[in-house]
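What follows is the content of protein-v1.txt (compact mmCIF, C-alpha atoms and all ligand atoms).
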# COMPACT_ATOMS: atom_id res chain seq x y z
CA MET O 1 5.36 7.35 -4.22
CA ARG O 2 6.88 6.07 -7.46
CA ILE O 3 4.83 4.69 -10.35
CA LEU O 4 6.55 2.26 -12.71
CA LEU O 5 4.54 1.45 -15.80
CA PHE O 6 5.45 -1.63 -17.84
CA SER O 7 4.21 -1.74 -21.39
CA GLY O 8 5.02 -3.49 -24.67
CA LYS O 9 3.70 -5.73 -27.41
CA GLY O 10 1.52 -8.74 -26.52
CA GLY O 11 3.37 -11.69 -25.02
CA VAL O 12 6.83 -10.12 -24.72
CA GLY O 13 6.98 -10.69 -20.95
CA LYS O 14 5.43 -7.56 -19.43
CA THR O 15 3.69 -9.37 -16.58
CA SER O 16 6.78 -11.43 -15.72
CA VAL O 17 9.04 -8.35 -15.73
CA ALA O 18 6.56 -6.24 -13.74
CA ALA O 19 6.10 -9.00 -11.15
CA ALA O 20 9.87 -9.59 -10.93
CA THR O 21 10.38 -5.87 -10.40
CA GLY O 22 7.84 -6.00 -7.56
CA VAL O 23 9.76 -8.87 -5.99
CA ARG O 24 13.04 -6.95 -6.14
CA LEU O 25 11.54 -3.71 -4.77
CA ALA O 26 9.92 -5.55 -1.87
CA GLU O 27 13.23 -7.21 -1.06
CA LEU O 28 14.85 -3.77 -0.99
CA GLY O 29 12.35 -2.82 1.70
CA HIS O 30 9.92 -0.73 -0.35
CA LYS O 31 6.24 -1.24 0.30
CA THR O 32 5.29 -2.33 -3.18
CA LEU O 33 2.01 -2.93 -4.98
CA VAL O 34 1.98 -4.68 -8.34
CA MET O 35 -1.29 -3.82 -10.01
CA SER O 36 -2.65 -5.45 -13.15
CA VAL O 37 -4.38 -3.02 -15.50
CA ASP O 38 -4.76 -5.66 -18.21
CA PRO O 39 -8.38 -6.87 -18.40
CA ALA O 40 -6.97 -10.34 -19.12
CA HIS O 41 -5.24 -10.62 -15.74
CA SER O 42 -2.34 -13.00 -15.39
CA LEU O 43 -0.57 -11.45 -12.43
CA ALA O 44 -1.74 -13.98 -9.85
CA ASP O 45 -0.86 -16.74 -12.33
CA SER O 46 2.62 -15.32 -12.71
CA PHE O 47 3.08 -15.65 -8.95
CA ASP O 48 1.56 -19.12 -9.31
CA LEU O 49 -1.17 -18.24 -6.84
CA GLU O 50 -4.19 -20.06 -8.10
CA GLY O 51 -6.35 -22.38 -6.13
CA ALA O 52 -9.76 -21.88 -4.59
CA LEU O 53 -8.27 -19.99 -1.68
CA PHE O 54 -6.98 -17.25 -3.93
CA HIS O 55 -9.68 -17.05 -6.53
CA GLY O 56 -11.26 -13.62 -6.78
CA THR O 57 -9.45 -12.20 -3.76
CA THR O 58 -7.15 -9.82 -5.61
CA ALA O 59 -9.68 -7.13 -6.50
CA ASP O 60 -8.25 -5.25 -3.51
CA PRO O 61 -4.52 -5.22 -2.73
CA LYS O 62 -3.64 -8.65 -1.40
CA SER O 63 -0.52 -9.20 0.65
CA ILE O 64 1.54 -12.07 -0.78
CA HIS O 65 4.97 -11.56 0.77
CA ASP O 66 6.85 -9.15 3.05
CA ASN O 67 6.32 -5.64 1.62
CA LEU O 68 4.57 -7.05 -1.44
CA TRP O 69 0.93 -6.73 -2.49
CA ILE O 70 -0.82 -7.53 -5.75
CA GLN O 71 -4.10 -6.25 -7.16
CA GLU O 72 -6.10 -7.21 -10.23
CA VAL O 73 -8.74 -4.60 -10.95
CA ASN O 74 -12.11 -6.31 -11.30
CA ILE O 75 -14.32 -4.47 -13.74
CA GLN O 76 -17.66 -5.90 -12.59
CA ARG O 77 -17.00 -4.75 -9.07
CA GLU O 78 -15.69 -1.37 -10.19
CA ILE O 79 -18.89 -0.80 -12.12
CA LYS O 80 -20.93 -1.40 -8.98
CA ARG O 81 -18.60 0.87 -7.04
CA HIS O 82 -18.05 3.80 -9.36
CA TRP O 83 -20.05 3.49 -12.53
CA ASN O 84 -23.51 2.62 -11.34
CA GLU O 85 -25.41 5.60 -12.66
CA ILE O 86 -23.53 5.78 -15.93
CA ALA O 87 -23.76 2.06 -16.63
CA GLY O 88 -27.39 2.05 -15.47
CA TYR O 89 -28.33 4.79 -17.87
CA ILE O 90 -26.48 3.25 -20.81
CA THR O 91 -28.07 -0.12 -20.04
CA SER O 92 -31.54 1.35 -20.00
CA VAL O 93 -30.98 3.10 -23.32
CA LEU O 94 -29.63 -0.08 -24.87
CA ARG O 95 -32.58 -2.03 -23.53
CA THR O 96 -35.05 0.25 -25.25
CA SER O 97 -33.24 -0.56 -28.47
CA GLY O 98 -34.28 -4.19 -28.08
CA LEU O 99 -31.25 -5.80 -26.44
CA SER O 100 -31.76 -8.31 -23.65
CA ASP O 101 -30.84 -7.25 -20.11
CA VAL O 102 -27.66 -9.27 -20.05
CA GLU O 103 -26.55 -8.05 -23.45
CA ALA O 104 -27.30 -4.46 -22.54
CA GLU O 105 -25.30 -4.79 -19.33
CA GLU O 106 -22.36 -6.28 -21.23
CA MET O 107 -22.44 -3.47 -23.76
CA ALA O 108 -22.49 -0.84 -21.04
CA ILE O 109 -18.92 -1.81 -20.17
CA PHE O 110 -17.22 0.53 -22.55
CA PRO O 111 -13.56 0.46 -23.45
CA GLY O 112 -11.40 2.31 -21.00
CA MET O 113 -13.48 1.69 -17.87
CA GLU O 114 -10.92 -0.75 -16.53
CA GLU O 115 -8.06 1.62 -17.13
CA LEU O 116 -9.96 4.50 -15.64
CA SER O 117 -10.76 2.50 -12.53
CA ALA O 118 -7.07 1.62 -12.15
CA MET O 119 -6.23 5.27 -12.47
CA MET O 120 -8.56 6.11 -9.59
CA TYR O 121 -6.76 3.60 -7.40
CA VAL O 122 -3.36 5.01 -8.31
CA ASN O 123 -4.60 8.46 -7.37
CA GLN O 124 -6.01 7.16 -4.10
CA TYR O 125 -2.77 5.36 -3.15
CA LEU O 126 -0.84 8.48 -3.98
CA ARG O 127 -3.00 10.53 -1.62
CA GLU O 128 -3.04 7.96 1.17
CA LYS O 129 0.71 7.25 0.90
CA GLN O 130 -0.02 3.56 1.40
CA PHE O 131 2.76 2.29 -0.87
CA ASP O 132 6.27 3.43 -1.77
CA VAL O 133 6.04 2.06 -5.28
CA VAL O 134 3.11 1.06 -7.50
CA VAL O 135 4.15 -1.18 -10.41
CA LEU O 136 1.60 -1.22 -13.25
CA ASP O 137 1.36 -4.32 -15.40
CA CYS O 138 -0.35 -2.96 -18.49
CA ALA O 139 -2.24 -4.53 -21.35
CA PRO O 140 -0.46 -4.67 -24.73
CA THR O 141 0.66 -1.32 -26.15
CA ALA O 142 -2.54 -0.04 -27.77
CA GLU O 143 -4.60 -0.43 -24.60
CA SER O 144 -1.96 1.01 -22.33
CA LEU O 145 -1.79 4.04 -24.56
CA ARG O 146 -5.50 4.48 -24.11
CA PHE O 147 -4.80 4.28 -20.40
CA VAL O 148 -2.35 7.18 -20.38
CA SER O 149 -4.38 9.31 -22.78
CA LEU O 150 -7.60 8.93 -20.78
CA PRO O 151 -7.06 11.78 -18.33
CA THR O 152 -6.70 14.35 -21.09
CA THR O 153 -9.60 12.88 -23.03
CA LEU O 154 -11.83 12.87 -19.99
CA ASP O 155 -10.80 16.37 -19.08
CA TRP O 156 -11.79 17.43 -22.56
CA TYR O 157 -15.14 15.66 -22.31
CA VAL O 158 -16.01 17.18 -18.99
CA LYS O 159 -15.06 20.65 -20.16
CA HIS O 160 -16.63 20.58 -23.57
CA VAL O 161 -19.35 17.98 -23.69
CA PHE O 162 -20.83 17.17 -20.31
CA THR O 163 -21.28 20.72 -19.10
CA LEU O 164 -22.98 21.66 -22.31
CA GLN O 165 -24.97 18.44 -22.51
CA ARG O 166 -26.21 18.99 -19.01
CA ARG O 167 -27.46 22.47 -19.74
CA VAL O 168 -29.14 21.33 -22.92
CA MET O 169 -30.67 18.33 -21.18
CA LYS O 170 -32.21 20.44 -18.44
CA ALA O 171 -33.99 22.39 -21.12
CA VAL O 172 -35.08 19.54 -23.32
CA ARG O 173 -35.88 16.80 -20.81
CA PRO O 174 -39.56 17.74 -20.47
CA ILE O 175 -39.90 17.47 -24.24
CA ILE O 176 -37.90 14.26 -24.58
CA ASN O 177 -39.84 12.59 -21.82
CA THR O 178 -43.10 13.09 -23.67
CA LEU O 179 -41.59 11.95 -26.96
CA GLY O 180 -39.86 8.80 -25.76
CA PRO O 181 -38.71 6.11 -26.30
CA ILE O 182 -35.10 7.09 -25.44
CA GLU O 183 -34.96 8.57 -22.01
CA ALA O 184 -32.71 11.46 -21.21
CA PRO O 185 -29.99 10.80 -18.67
CA PRO O 186 -31.04 11.58 -15.11
CA ASP O 187 -29.13 14.21 -13.17
CA SER O 188 -27.39 11.46 -11.20
CA TYR O 189 -25.70 10.39 -14.44
CA PHE O 190 -23.97 13.73 -14.68
CA GLY O 191 -23.28 13.71 -10.96
CA ASN O 192 -21.61 10.33 -11.41
CA ILE O 193 -19.45 11.60 -14.25
CA GLN O 194 -18.41 14.58 -12.20
CA SER O 195 -17.47 12.52 -9.15
CA LEU O 196 -15.50 10.11 -11.34
CA PHE O 197 -13.68 13.01 -12.79
CA GLN O 198 -12.80 14.29 -9.36
CA LYS O 199 -11.32 10.91 -8.51
CA ILE O 200 -8.84 11.05 -11.36
CA GLN O 201 -8.17 14.75 -11.10
CA GLY O 202 -4.48 15.54 -11.14
CA ILE O 203 -3.43 12.11 -12.37
CA ASP O 204 -2.23 13.54 -15.71
CA THR O 205 0.28 15.75 -13.90
CA VAL O 206 1.38 12.71 -11.90
CA LEU O 207 1.90 10.61 -15.02
CA GLU O 208 3.88 13.39 -16.68
CA ASP O 209 6.17 13.96 -13.72
CA PRO O 210 9.32 11.90 -14.37
CA ARG O 211 10.18 12.00 -10.66
CA ILE O 212 6.97 10.07 -9.99
CA THR O 213 6.18 8.10 -13.13
CA SER O 214 8.55 6.14 -15.36
CA VAL O 215 7.59 4.04 -18.36
CA ARG O 216 9.61 0.89 -18.99
CA LEU O 217 9.17 -0.73 -22.37
CA VAL O 218 9.52 -4.49 -22.54
CA THR O 219 10.51 -5.92 -25.91
CA ASN O 220 12.04 -8.99 -27.57
CA PRO O 221 15.07 -8.98 -29.88
CA GLU O 222 12.91 -9.32 -33.01
CA LYS O 223 12.36 -6.80 -35.77
CA MET O 224 8.56 -6.76 -35.62
CA VAL O 225 8.51 -6.35 -31.88
CA LEU O 226 11.10 -3.59 -32.12
CA ARG O 227 8.91 -1.62 -34.54
CA GLU O 228 6.05 -1.63 -32.09
CA THR O 229 8.42 -0.63 -29.30
CA GLN O 230 9.50 2.39 -31.33
CA ARG O 231 5.89 3.39 -31.92
CA ALA O 232 5.15 2.99 -28.23
CA PHE O 233 8.12 5.18 -27.40
CA VAL O 234 6.81 7.95 -29.64
CA TYR O 235 3.27 7.77 -28.31
CA PHE O 236 4.28 7.76 -24.66
CA SER O 237 6.49 10.78 -25.35
CA LEU O 238 3.64 12.44 -27.16
CA HIS O 239 1.56 12.01 -24.03
CA GLY O 240 4.26 13.59 -21.92
CA LEU O 241 5.46 10.41 -20.21
CA THR O 242 9.13 9.62 -19.71
CA VAL O 243 10.52 6.27 -20.86
CA ASP O 244 13.58 5.55 -18.70
CA GLN O 245 14.41 1.94 -19.59
CA ILE O 246 14.13 -0.55 -22.45
CA ILE O 247 14.07 -4.18 -21.34
CA VAL O 248 14.91 -6.77 -23.98
CA ASN O 249 13.52 -10.09 -22.83
CA ARG O 250 14.20 -13.60 -24.18
CA VAL O 251 17.70 -13.06 -25.54
CA LEU O 252 19.20 -16.43 -26.63
CA PRO O 253 21.92 -17.35 -24.14
CA ASP O 254 25.46 -17.90 -25.47
CA GLU O 255 25.58 -21.49 -24.27
CA ILE O 256 23.06 -22.53 -26.95
CA THR O 257 25.29 -23.93 -29.69
CA ASP O 258 22.71 -25.92 -31.62
CA PRO O 259 23.07 -24.93 -35.31
CA PHE O 260 19.28 -24.69 -35.55
CA PHE O 261 19.42 -21.47 -33.53
CA GLU O 262 22.37 -19.92 -35.42
CA GLY O 263 20.08 -17.84 -37.66
CA TRP O 264 18.08 -16.68 -34.67
CA ARG O 265 21.19 -15.65 -32.78
CA LYS O 266 22.53 -13.63 -35.70
CA ALA O 267 19.21 -11.86 -36.18
CA GLN O 268 18.92 -11.15 -32.45
CA ARG O 269 22.42 -9.67 -32.39
CA GLY O 270 21.49 -7.29 -35.21
CA VAL O 271 18.26 -6.20 -33.54
CA LEU O 272 20.03 -5.71 -30.20
CA GLN O 273 22.50 -3.34 -31.88
CA ASP O 274 19.61 -1.45 -33.47
CA ILE O 275 17.88 -1.18 -30.11
CA GLU O 276 20.97 0.31 -28.44
CA ALA O 277 21.35 2.80 -31.29
CA TYR O 278 17.69 3.79 -31.57
CA PHE O 279 16.92 4.40 -27.94
CA ALA O 280 20.18 5.93 -26.70
CA PRO O 281 20.60 7.58 -24.24
CA VAL O 282 17.78 5.54 -22.65
CA PRO O 283 19.49 2.55 -21.01
CA VAL O 284 18.83 -0.91 -22.40
CA SER O 285 18.81 -4.03 -20.18
CA THR O 286 18.61 -7.63 -21.32
CA VAL O 287 17.10 -10.81 -19.89
CA PRO O 288 18.01 -14.21 -21.32
CA LEU O 289 15.54 -16.79 -22.50
CA PHE O 290 15.32 -19.26 -19.62
CA ASP O 291 15.06 -23.01 -20.14
CA HIS O 292 11.75 -22.91 -18.26
CA GLU O 293 8.70 -20.72 -17.81
CA VAL O 294 9.07 -17.81 -15.39
CA LEU O 295 6.69 -18.86 -12.68
CA GLY O 296 6.17 -18.37 -8.96
CA TYR O 297 8.12 -16.29 -6.46
CA ALA O 298 11.40 -18.19 -7.03
CA GLY O 299 11.11 -17.92 -10.82
CA LEU O 300 10.44 -14.20 -10.59
CA GLN O 301 13.37 -13.80 -8.22
CA GLU O 302 15.62 -15.48 -10.79
CA LEU O 303 14.36 -13.08 -13.47
CA SER O 304 14.91 -10.06 -11.22
CA ASP O 305 18.46 -11.23 -10.42
CA ARG O 306 19.30 -11.25 -14.13
CA LEU O 307 17.45 -8.06 -15.00
CA TYR O 308 18.75 -6.00 -12.10
CA ARG O 309 22.27 -7.43 -11.78
CA ASN O 310 23.72 -3.95 -12.41
CA THR O 311 20.95 -1.94 -10.78
CA ILE O 312 21.05 -0.72 -7.21
CA ASP O 313 17.34 0.02 -6.92
CA PRO O 314 14.81 -0.16 -9.78
CA SER O 315 12.71 2.59 -8.19
CA LEU O 316 15.45 5.23 -8.40
CA VAL O 317 14.77 8.18 -10.67
CA THR O 318 17.34 8.03 -13.49
CA ARG O 319 15.89 10.27 -16.18
CA THR O 320 14.11 13.55 -15.61
CA GLU O 321 14.21 14.87 -19.15
CA LYS O 322 10.68 15.95 -20.01
CA PRO O 323 9.38 14.72 -23.37
CA TYR O 324 8.41 18.30 -24.14
CA GLU O 325 9.20 21.78 -22.91
CA PHE O 326 8.35 25.41 -23.56
CA THR O 327 11.16 27.87 -24.19
CA MET O 328 11.75 31.46 -25.22
CA VAL O 329 14.82 32.08 -27.39
CA ASP O 330 15.62 35.59 -28.70
CA GLY O 331 12.06 36.72 -28.15
CA LYS O 332 10.76 33.66 -30.02
CA TYR O 333 8.57 31.17 -28.25
CA GLU O 334 9.12 27.50 -28.91
CA VAL O 335 7.53 24.22 -27.94
CA ARG O 336 10.05 21.40 -28.07
CA LEU O 337 8.81 17.83 -28.28
CA ARG O 338 10.94 14.71 -28.24
CA MET O 339 9.82 12.75 -31.30
CA PRO O 340 12.34 10.08 -32.21
CA PHE O 341 11.54 7.86 -35.21
CA VAL O 342 9.07 10.35 -36.62
CA GLN O 343 9.31 12.06 -40.02
CA LYS O 344 8.27 15.69 -40.09
CA ALA O 345 5.76 14.88 -42.85
CA GLU O 346 3.83 12.57 -40.50
CA ILE O 347 3.15 15.32 -37.98
CA GLY O 348 0.10 17.54 -37.98
CA LEU O 349 -0.07 20.76 -35.93
CA PHE O 350 -3.14 22.79 -34.98
CA LYS O 351 -4.08 25.39 -32.46
CA LYS O 352 -7.40 25.29 -30.67
CA ASN O 353 -8.25 27.66 -27.83
CA ASP O 354 -5.30 27.49 -25.45
CA GLU O 355 -4.12 24.11 -26.70
CA LEU O 356 -1.57 23.05 -29.25
CA ILE O 357 -2.76 19.88 -30.94
CA VAL O 358 -0.11 17.51 -32.27
CA GLU O 359 -1.10 14.60 -34.47
CA VAL O 360 1.12 11.66 -35.30
CA GLY O 361 -0.68 9.14 -37.49
CA THR O 362 -4.02 8.44 -35.85
CA LEU O 363 -2.91 9.63 -32.42
CA ARG O 364 -3.60 13.06 -31.17
CA ARG O 365 -2.32 14.97 -28.21
CA HIS O 366 -3.69 18.18 -26.74
CA ILE O 367 -0.86 20.10 -25.16
CA GLY O 368 -2.06 22.76 -22.77
CA LEU O 369 0.00 25.89 -23.34
CA PRO O 370 1.26 28.05 -20.49
CA THR O 371 -0.66 31.34 -20.18
CA THR O 372 2.18 33.35 -21.70
CA MET O 373 1.88 31.28 -24.87
CA ALA O 374 -1.87 30.68 -24.96
CA ALA O 375 -2.53 33.47 -27.49
CA LEU O 376 0.21 32.35 -29.89
CA VAL O 377 -0.17 30.19 -32.97
CA PRO O 378 2.27 27.72 -34.51
CA VAL O 379 4.03 29.27 -37.49
CA LYS O 380 6.95 26.97 -38.26
CA ALA O 381 8.16 23.55 -37.27
CA ARG O 382 11.49 21.85 -37.77
CA MET O 383 13.21 18.66 -36.67
CA GLU O 384 16.38 19.03 -34.59
CA HIS O 385 17.75 15.51 -34.24
CA ASP O 386 14.90 13.75 -32.45
CA MET O 387 13.23 16.97 -31.36
CA LEU O 388 10.28 18.57 -33.05
CA VAL O 389 10.62 22.31 -32.54
CA VAL O 390 7.44 24.31 -33.03
CA GLU O 391 7.84 28.05 -33.32
CA MET O 392 4.94 30.06 -31.92
CA ARG O 393 4.04 33.67 -32.77
CA ASN O 394 1.31 36.19 -32.18
CA ALA O 395 -1.64 35.63 -34.45
CA THR O 396 -1.79 38.74 -36.64
N1 LIG O 401 12.93 -14.72 -20.24
C1 LIG O 401 12.00 -15.69 -20.32
N2 LIG O 401 12.35 -16.99 -20.48
C2 LIG O 401 11.41 -17.94 -20.56
N3 LIG O 401 10.10 -17.75 -20.47
C3 LIG O 401 9.67 -16.48 -20.29
C4 LIG O 401 10.59 -15.38 -20.22
N4 LIG O 401 9.88 -14.24 -20.01
C5 LIG O 401 8.59 -14.61 -19.99
N5 LIG O 401 8.45 -15.96 -20.16
C6 LIG O 401 7.20 -16.72 -20.24
O1 LIG O 401 6.47 -16.25 -21.36
C7 LIG O 401 5.07 -16.25 -21.11
C8 LIG O 401 4.48 -14.88 -21.37
O2 LIG O 401 5.00 -13.95 -20.44
P1 LIG O 401 4.13 -12.78 -19.82
O3 LIG O 401 2.80 -13.26 -19.42
O4 LIG O 401 4.98 -12.11 -18.80
O5 LIG O 401 3.99 -11.85 -21.11
P2 LIG O 401 3.05 -10.56 -21.27
O6 LIG O 401 3.80 -9.61 -22.13
O7 LIG O 401 2.59 -10.07 -19.96
O8 LIG O 401 1.84 -11.16 -22.09
P3 LIG O 401 0.39 -10.46 -22.35
O9 LIG O 401 0.63 -9.49 -23.49
O10 LIG O 401 -0.46 -11.60 -22.74
O11 LIG O 401 0.00 -9.78 -21.09
C9 LIG O 401 4.91 -16.73 -19.68
O12 LIG O 401 4.61 -18.09 -19.70
C10 LIG O 401 6.27 -16.50 -19.05
O13 LIG O 401 6.55 -17.42 -18.03
MG MG O 402 0.60 -9.68 -19.24

Representation of the structure as structure tokens:
Amino acid sequence: MRILLFSGKGGVGKTSVAAATGVRLAELGHKTLVMSVDPAHSLADSFDLEGALFHGTTADPKSIHDNLWIQEVNIQREIKRHWNEIAGYITSVLRTSGLSDVEAEEMAIFPGMEELSAMMYVNQYLREKQFDVVVLDCAPTAESLRFVSLPTTLDWYVKHVFTLQRRVMKAVRPIINTLGPIEAPPDSYFGNIQSLFQKIQGIDTVLEDPRITSVRLVTNPEKMVLRETQRAFVYFSLHGLTVDQIIVNRVLPDEITDPFFEGWRKAQRGVLQDIEAYFAPVPVSTVPLFDHEVLGYAGLQELSDRLYRNTIDPSLVTRTEKPYEFTMVDGKYEVRLRMPFVQKAEIGLFKKNDELIVEVGTLRRHIGLPTTMAALVPVKARMEHDMLVVEMRNAT
């Protein structure tokens, strides 16, 4: 199964491009699911499938065409399905702090639940081999980054916090219960966390395997949008995901000769050149601004015709370069990370247990080291073109 993840700044056309890709893949004969991971779903709208008949029926994969299914993850239902004990506990704690039932229930939906639920589905489809391709229509950049960083975060929590918390809780529950008013989590809370964790187990390896998962960044030919696209590129790389295509949407078509748009066209041309230069060798594709909204199956087909006019099959694996690798050169161990657009001064490096921690701005990535390197510490780092090379040595 292939996973194609579409991300980018708000409003650039992620949903339209993801849906159009689904249309093309289905036409090529692949069993394709387009899944919306954005809490503000607009996937069904993009296919122009509203109406009473359709309302609320996409929480499970819904067949809408030959070989084509769509799914909009419904958080309320996911909570009932997977999060009952956790949400129940959090709700009861919040209630004791004076919130009304409804408020407490609302608050118990914490950020990331939606993404995590989607991740469980991806893992399930992968196991059950139900689809050939799963296309993920993500929320704007920041949220989709939370999505891809969740597995490592959760892994960390389970390893470091929950196991410990559980042991401590067993010991202190009798005391807490007599003290009140905050109740200690019941055992089922921990059981719930563990079973959730099992459901997403292995998904990080799947996301980091370029033969399975590809990230496609959707952008517009505007400077501000480009900046966010560059940041997204860095962060996805930092999380070990491979970006294999940049899609520039809403390029002014040549036939627009109105002088009003002359300034826009010039600016777009400049940004397009920058995009080609910045992201090379990652291929860049363009989609023109249409004279109408992209809507419904026919509209999406039109978009896919333009976007994939030079592409045989959008699900083919075209780039397998890992964003980072471990090497040994002349007896020296090195971790090499692809970090375009980053200044060395912005990068922080730490070692904790068997992990190398890399910080870029406010983002942090734990990179699990292979056993041969687990005892080493980072001693030097240098930039080689767009690669950060971290030299590792024995700690003495
Ligand atoms: N090339 C295009 N030409 C004309 N209209 C377009 C084009 N691409 C997208 N649109 C329109 O722009 C609007 C926003 O597109 P879309 O919903 O795909 O963006 P998005 O990035 O998913 O937004 P969000 O960040 O809110 O999820 C839609 O009405 C869509 O039909
Ligand atoms: Mg969208």

5 Å per side around stretch 62-65 of chain O: axis-aligned box centre and edge lengths, as lines of an AutoDock Vina configuration file:
center_x = 0.7
center_y = -10.4
center_z = -0.3
size_x = 18.6
size_y = 13.4
size_z = 12.2

*Distance atom CA of O:Gly10-atom CA of O:His30, one decimal place?*
28.6 Å

Rows by chain and residue number, chain O within 10 Å of ligand LIG 401 (chain O), shortest pair, all atoms listed in the file, as JSON lines:
{"residue": "O:Phe6", "atom": "CA", "partner": "O:LIG401", "partner_atom": "O7", "distance": 9.2}
{"residue": "O:Ser7", "atom": "CA", "partner": "O:LIG401", "partner_atom": "O6", "distance": 7.9}
{"residue": "O:Gly8", "atom": "CA", "partner": "O:LIG401", "partner_atom": "O6", "distance": 6.7}
{"residue": "O:Lys9", "atom": "CA", "partner": "O:LIG401", "partner_atom": "O9", "distance": 6.2}
{"residue": "O:Gly10", "atom": "CA", "partner": "O:LIG401", "partner_atom": "O9", "distance": 3.2}
{"residue": "O:Gly11", "atom": "CA", "partner": "O:LIG401", "partner_atom": "O8", "distance": 3.3}
{"residue": "O:Val12", "atom": "CA", "partner": "O:LIG401", "partner_atom": "O6", "distance": 4.0}
{"residue": "O:Gly13", "atom": "CA", "partner": "O:LIG401", "partner_atom": "O5", "distance": 3.2}
{"residue": "O:Lys14", "atom": "CA", "partner": "O:LIG401", "partner_atom": "O6", "distance": 3.8}
{"residue": "O:Thr15", "atom": "CA", "partner": "O:LIG401", "partner_atom": "O7", "distance": 3.6}
{"residue": "O:Ser16", "atom": "CA", "partner": "O:LIG401", "partner_atom": "O4", "distance": 3.6}
{"residue": "O:Val17", "atom": "CA", "partner": "O:LIG401", "partner_atom": "O4", "distance": 6.3}
{"residue": "O:Ala18", "atom": "CA", "partner": "O:LIG401", "partner_atom": "O4", "distance": 7.9}
{"residue": "O:Ala19", "atom": "CA", "partner": "O:LIG401", "partner_atom": "O4", "distance": 8.3}
{"residue": "O:Ala20", "atom": "CA", "partner": "O:LIG401", "partner_atom": "O4", "distance": 9.6}
{"residue": "O:Ser36", "atom": "CA", "partner": "O:LIG401", "partner_atom": "O11", "distance": 9.4}
{"residue": "O:Val37", "atom": "CA", "partner": "O:LIG401", "partner_atom": "O11", "distance": 9.8}
{"residue": "O:Asp38", "atom": "CA", "partner": "O:LIG401", "partner_atom": "O11", "distance": 6.9}
{"residue": "O:Pro39", "atom": "CA", "partner": "O:LIG401", "partner_atom": "O11", "distance": 9.3}
{"residue": "O:Ala40", "atom": "CA", "partner": "O:LIG401", "partner_atom": "O11", "distance": 7.3}
{"residue": "O:His41", "atom": "CA", "partner": "O:LIG401", "partner_atom": "O11", "distance": 7.5}
{"residue": "O:Ser42", "atom": "CA", "partner": "O:LIG401", "partner_atom": "O3", "distance": 6.5}
{"residue": "O:Leu43", "atom": "CA", "partner": "O:LIG401", "partner_atom": "O3", "distance": 8.0}
{"residue": "O:Asp45", "atom": "CA", "partner": "O:LIG401", "partner_atom": "O3", "distance": 8.7}
{"residue": "O:Ser46", "atom": "CA", "partner": "O:LIG401", "partner_atom": "O13", "distance": 6.9}
{"residue": "O:Phe47", "atom": "CA", "partner": "O:LIG401", "partner_atom": "O13", "distance": 9.9}
{"residue": "O:Asp137", "atom": "CA", "partner": "O:LIG401", "partner_atom": "O7", "distance": 7.4}
{"residue": "O:Cys138", "atom": "CA", "partner": "O:LIG401", "partner_atom": "O11", "distance": 7.3}
{"residue": "O:Ala139", "atom": "CA", "partner": "O:LIG401", "partner_atom": "O11", "distance": 5.7}
{"residue": "O:Pro140", "atom": "CA", "partner": "O:LIG401", "partner_atom": "O9", "distance": 5.1}
{"residue": "O:Thr141", "atom": "CA", "partner": "O:LIG401", "partner_atom": "O9", "distance": 8.6}
{"residue": "O:Val218", "atom": "CA", "partner": "O:LIG401", "partner_atom": "O6", "distance": 7.7}
{"residue": "O:Thr219", "atom": "CA", "partner": "O:LIG401", "partner_atom": "O6", "distance": 8.5}
{"residue": "O:Asn220", "atom": "CA", "partner": "O:LIG401", "partner_atom": "N1", "distance": 9.3}
{"residue": "O:Val248", "atom": "CA", "partner": "O:LIG401", "partner_atom": "N1", "distance": 9.0}
{"residue": "O:Asn249", "atom": "CA", "partner": "O:LIG401", "partner_atom": "N1", "distance": 5.3}
{"residue": "O:Arg250", "atom": "CA", "partner": "O:LIG401", "partner_atom": "N1", "distance": 4.3}
{"residue": "O:Val251", "atom": "CA", "partner": "O:LIG401", "partner_atom": "N1", "distance": 7.3}
{"residue": "O:Leu252", "atom": "CA", "partner": "O:LIG401", "partner_atom": "N1", "distance": 9.1}
{"residue": "O:Thr286", "atom": "CA", "partner": "O:LIG401", "partner_atom": "N1", "distance": 9.1}
{"residue": "O:Val287", "atom": "CA", "partner": "O:LIG401", "partner_atom": "N1", "distance": 5.7}
{"residue": "O:Pro288", "atom": "CA", "partner": "O:LIG401", "partner_atom": "N1", "distance": 5.2}
{"residue": "O:Leu289", "atom": "CA", "partner": "O:LIG401", "partner_atom": "N2", "distance": 3.8}
{"residue": "O:Phe290", "atom": "CA", "partner": "O:LIG401", "partner_atom": "N2", "distance": 3.8}
{"residue": "O:Asp291", "atom": "CA", "partner": "O:LIG401", "partner_atom": "C2", "distance": 6.3}
{"residue": "O:His292", "atom": "CA", "partner": "O:LIG401", "partner_atom": "C2", "distance": 5.5}
{"residue": "O:Glu293", "atom": "CA", "partner": "O:LIG401", "partner_atom": "O13", "distance": 3.9}
{"residue": "O:Val294", "atom": "CA", "partner": "O:LIG401", "partner_atom": "O13", "distance": 3.7}
{"residue": "O:Leu295", "atom": "CA", "partner": "O:LIG401", "partner_atom": "O13", "distance": 5.5}
{"residue": "O:Gly296", "atom": "CA", "partner": "O:LIG401", "partner_atom": "O13", "distance": 9.1}
{"residue": "O:Gly299", "atom": "CA", "partner": "O:LIG401", "partner_atom": "O13", "distance": 8.5}
{"residue": "O:Leu300", "atom": "CA", "partner": "O:LIG401", "partner_atom": "O13", "distance": 9.0}
{"residue": "O:Glu302", "atom": "CA", "partner": "O:LIG401", "partner_atom": "N1", "distance": 9.9}
{"residue": "O:Leu303", "atom": "CA", "partner": "O:LIG401", "partner_atom": "N1", "distance": 7.1}
{"residue": "O:Arg306", "atom": "CA", "partner": "O:LIG401", "partner_atom": "N1", "distance": 9.5}
{"residue": "O:Leu307", "atom": "CA", "partner": "O:LIG401", "partner_atom": "N1", "distance": 9.6}
